[in-house]
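> One structure, pasted below without further comment.
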Amino acid sequence: MRRSREELDKMRKAGKVVAEMHEATRAAIRPGVTTMQLNEVAEEVLAKRGARSNFLNYHGFPAVICTSPNDMIVHGIPGDYRLVEGDIISIDCGAIVEGYHGDAAYTAGVGEISDVARRLIEVTERSMWAGIDQLVIGHRLHEVGRAVQKVAEAAGFSVVREYVGHAIGTEMHESPQVPNYWPGTPGPTLKEGMVFAIEPMVNVGSYDTYVLEDGWGVMTQDGQLSAHFEHTIAVTADGPEVFTVA
Ligand code: MG
Ligand code: MG
């Protein structure tokens, strides 16, 4: 779906709130802090900006961010887990402003982290930017996944298959989906005003996953690390415009 200038303005505002949630949670990440405390930091930003949460109560999700440490890929429920030195933690944030959604995620290290963890974070973020670079008028959508996959696999990592990016606007998750791998078909042609959340999830080991008994936390099946980066981006005449940045 193509968004008008007025709609894109509202999505820009939502994106700024999400970027502020990133800044605030990132500044709070340290050994000893609980994932619930990070959720509270994000709640304060939403309240301060008068924004609504698109995560809270989404199919019953009980918080405003997802916190997914180490071998958890996505959708972790904030709770009493206390970060320890050497962890990596993926934080996914979202906000609604004037009915329009923003959605973005990052993975950060807690203090000193292993070489493989640092490389995983660097490669996952780079794979996201390679995907974002494909959001150009006239390109085919699934070039995004092809670009993401190329970066991740060149580094010896794997791309999660069961969870993907998505169009976004008046709902957080709109059609079409955006796979982070080449799905075998080129997909729709990109047009001005389309908006997508590009969000690679990259694993050190295999891409196989399972879901925790809480029905939310998605884990790597082999117990190895996973990272997740995401931005909300519009296709514009000037190229991709990232909304979820400060
Ligand atoms: Mg997200
Ligand atoms: Mg998303």
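Letters A, B, ... go to the chains of the structure tokens in the order shown; residues in each chain start at 1; ligands are counted from 1 in the same order.
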Could you give me, as a count of residues only, the residues within 8 Å of Asn180 in chain A, counting only C-alpha atoms and dropping anything in the same chain fewer than 3 positions from it?

13

> Quick one: residues within 9 Å of ligand 2, with only C-alpha atoms and all ligand atoms, as a list in words?

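Sorted by chain and then by number, the residues are Asp92, Cys93, Gly94, Gly102, Asp103, Ala104, Ala105, Val164, Gly165, His166, Ala167, Ile168, Met172, His173, Phe196, Ala197, Ile198, Glu199, Glu230, His231 and Thr232 of chain A.
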
> With distances taken over only C-alpha atoms, which residue among A:His228, A:Lys150, A:Lys191, A:Arg3 lies nearest Met72 in chain A?

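Checking each of A:His228, A:Lys150, A:Lys191, A:Arg3 against Met72 in chain A, counting only C-alpha atoms, the winner is A:His228.
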
> Using DSSP assignments from the backbone, pull out every residue in range 23-141 of chain A that falls under alpha helix (DSSP H) and give it to me as a PyMOL selection string.

chain A and resi 23-28+35-49+115-132

> Pull C-alpha atoms from the residues just selected and write them as a short mmCIF file (atom, residue, chain, number, x, y, z; two decimals), in the first residue's frame.


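Everything below was put into part-v9.cif:
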data_model
loop_
_atom_site.label_atom_id
_atom_site.label_comp_id
_atom_site.auth_asym_id
_atom_site.auth_seq_id
_atom_site.Cartn_x
_atom_site.Cartn_y
_atom_site.Cartn_z
CA GLU A 23 18.47 5.57 22.86
CA ALA A 24 16.94 5.33 26.32
CA THR A 25 17.07 1.54 26.57
CA ARG A 26 20.58 1.41 25.13
CA ALA A 27 21.77 3.85 27.78
CA ALA A 28 20.23 1.63 30.48
CA THR A 35 14.73 -6.78 31.26
CA MET A 36 11.65 -5.46 33.11
CA GLN A 37 13.63 -2.34 34.03
CA LEU A 38 14.43 -1.82 30.34
CA ASN A 39 10.71 -2.10 29.61
CA GLU A 40 10.02 0.61 32.21
CA VAL A 41 12.57 2.90 30.55
CA ALA A 42 10.74 2.43 27.23
CA GLU A 43 7.35 3.05 28.89
CA GLU A 44 8.64 6.40 30.16
CA VAL A 45 9.52 7.49 26.62
CA LEU A 46 6.06 6.54 25.33
CA ALA A 47 4.41 8.46 28.17
CA LYS A 48 6.65 11.51 27.71
CA ARG A 49 5.85 11.65 23.96
CA ASP A 115 34.53 -12.07 19.37
CA VAL A 116 31.80 -14.15 17.73
CA ALA A 117 29.08 -12.12 19.49
CA ARG A 118 30.63 -8.86 18.33
CA ARG A 119 30.93 -10.17 14.77
CA LEU A 120 27.33 -11.44 14.82
CA ILE A 121 26.02 -8.01 15.86
CA GLU A 122 28.14 -6.23 13.24
CA VAL A 123 27.12 -8.60 10.42
CA THR A 124 23.41 -8.56 11.33
CA GLU A 125 23.30 -4.77 11.32
CA ARG A 126 25.22 -4.65 8.03
CA SER A 127 22.82 -7.20 6.49
CA MET A 128 19.90 -4.95 7.47
CA TRP A 129 21.48 -1.93 5.75
CA ALA A 130 22.17 -4.04 2.63
CA GLY A 131 18.46 -4.90 2.60
CA ILE A 132 17.40 -1.28 3.18
#

> Would you list the contacts of range 12-18 of chain A as a PyMOL selection string, taking every protein, DNA or RNA residue within 6 Å and counting only C-alpha atoms, but skipping same-chain residues closer than 3 positions in sequence?

chain A and resi 9+21+94-97+101-102+243-244+246

> Would you save the residues of that selection, restricted to all heavy atoms, as a short mmCIF file (atom, residue, chain, number, x, y, z; two decimals), in the first residue's frame?


data_model
loop_
_atom_site.label_atom_id
_atom_site.label_comp_id
_atom_site.auth_asym_id
_atom_site.auth_seq_id
_atom_site.Cartn_x
_atom_site.Cartn_y
_atom_site.Cartn_z
N ASP A 9 4.26 11.73 7.12
CA ASP A 9 4.64 12.64 8.21
C ASP A 9 4.34 12.03 9.58
O ASP A 9 5.13 12.16 10.51
CB ASP A 9 3.88 13.97 8.08
CG ASP A 9 4.58 14.93 7.14
OD1 ASP A 9 5.79 14.72 6.89
OD2 ASP A 9 3.92 15.87 6.66
N MET A 21 13.16 5.52 22.14
CA MET A 21 13.10 4.30 22.97
C MET A 21 14.42 3.52 22.84
O MET A 21 14.92 2.96 23.82
CB MET A 21 11.92 3.43 22.55
CG MET A 21 10.56 4.05 22.84
SD MET A 21 9.21 3.19 21.99
CE MET A 21 8.86 1.85 23.16
N GLY A 94 8.32 -0.41 19.65
CA GLY A 94 7.35 0.13 18.70
C GLY A 94 6.52 1.22 19.34
O GLY A 94 6.43 1.30 20.57
N ALA A 95 5.93 2.07 18.49
CA ALA A 95 5.08 3.16 18.99
C ALA A 95 4.05 3.52 17.93
O ALA A 95 4.28 3.32 16.73
CB ALA A 95 5.94 4.40 19.30
N ILE A 96 2.91 4.05 18.42
CA ILE A 96 1.87 4.56 17.54
C ILE A 96 1.71 6.05 17.81
O ILE A 96 1.53 6.45 18.97
CB ILE A 96 0.51 3.87 17.80
CG1 ILE A 96 0.65 2.35 17.76
CG2 ILE A 96 -0.55 4.35 16.80
CD1 ILE A 96 -0.61 1.61 18.21
N VAL A 97 1.78 6.88 16.76
CA VAL A 97 1.52 8.31 16.86
C VAL A 97 0.45 8.66 15.84
O VAL A 97 0.61 8.37 14.64
CB VAL A 97 2.80 9.14 16.61
CG1 VAL A 97 2.48 10.63 16.57
CG2 VAL A 97 3.85 8.85 17.69
N HIS A 101 2.23 3.66 12.79
CA HIS A 101 3.14 2.82 13.55
C HIS A 101 4.61 2.99 13.16
O HIS A 101 4.93 3.20 11.99
CB HIS A 101 2.79 1.34 13.31
CG HIS A 101 1.50 0.93 13.93
ND1 HIS A 101 1.42 0.01 14.95
CD2 HIS A 101 0.22 1.32 13.69
CE1 HIS A 101 0.15 -0.18 15.28
NE2 HIS A 101 -0.60 0.62 14.53
N GLY A 102 5.46 2.84 14.18
CA GLY A 102 6.90 2.67 13.98
C GLY A 102 7.33 1.39 14.66
O GLY A 102 6.71 0.97 15.65
N PHE A 243 12.79 6.00 8.97
CA PHE A 243 12.00 6.81 9.92
C PHE A 243 12.46 6.63 11.36
O PHE A 243 12.27 7.51 12.19
CB PHE A 243 10.52 6.43 9.83
CG PHE A 243 9.83 6.93 8.58
CD1 PHE A 243 8.66 6.32 8.15
CD2 PHE A 243 10.30 8.02 7.89
CE1 PHE A 243 8.00 6.78 7.02
CE2 PHE A 243 9.66 8.48 6.74
CZ PHE A 243 8.50 7.86 6.32
N THR A 244 12.97 5.45 11.68
CA THR A 244 13.24 5.11 13.09
C THR A 244 14.67 5.50 13.48
O THR A 244 15.40 4.70 14.06
CB THR A 244 12.96 3.62 13.32
OG1 THR A 244 13.39 2.88 12.18
CG2 THR A 244 11.49 3.37 13.55
N ALA A 246 17.01 9.01 15.10
CA ALA A 246 16.84 10.26 15.85
C ALA A 246 16.88 11.47 14.92
O ALA A 246 17.52 11.44 13.88
CB ALA A 246 17.90 10.38 16.92
#

> For CA of Gly138 in chain A and CA of Val235 in chain A, determine how far apart the two atoms are, in Å to one decimal place.

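CA of Val235 in chain A lies at a distance of 9.9 Å from CA of Gly138 in chain A.
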
> Quote the spacing between CA of Thr220 in chain A and CA of Ile73 in chain A in Å to one decimal place.

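Here the two named atoms are 6.5 Å from each other.
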
> List as a list in words the protein and nucleic acid residues near His139 in chain A, meaning an atom at most 10 Å away when only C-alpha atoms are counted, but skip any in the same chain fewer than 4 places from it.

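Skipping anything fewer than 4 positions along the chain leaves Gln134, Leu135, Glu143, Val144, Pro186, Gly187, Pro188, Thr189, Leu190 and Lys191 of chain A.
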
> Please measure the separation of CA of Leu141 in chain A and CA of Phe229 in chain A, giving the value in Å to one decimal.

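Distance reported for this atom pair: 18.3 Å.
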
> So that I can check the secondary structure, give me every residue of range 51-86 of chain A assigned strand (DSSP E) by backbone DSSP, as a list in words.

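Of range 51-86 of chain A, only Ile65, Cys66, Thr67, Ser68, Pro69, Met72, Ile73 and Val74 of chain A fall in strand (DSSP E).
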
> Between A:Asp133, A:Asp214, A:Glu162, A:Glu7, which one has atoms that come closest to Met194 in chain A, using only C-alpha atoms?

A:Glu7
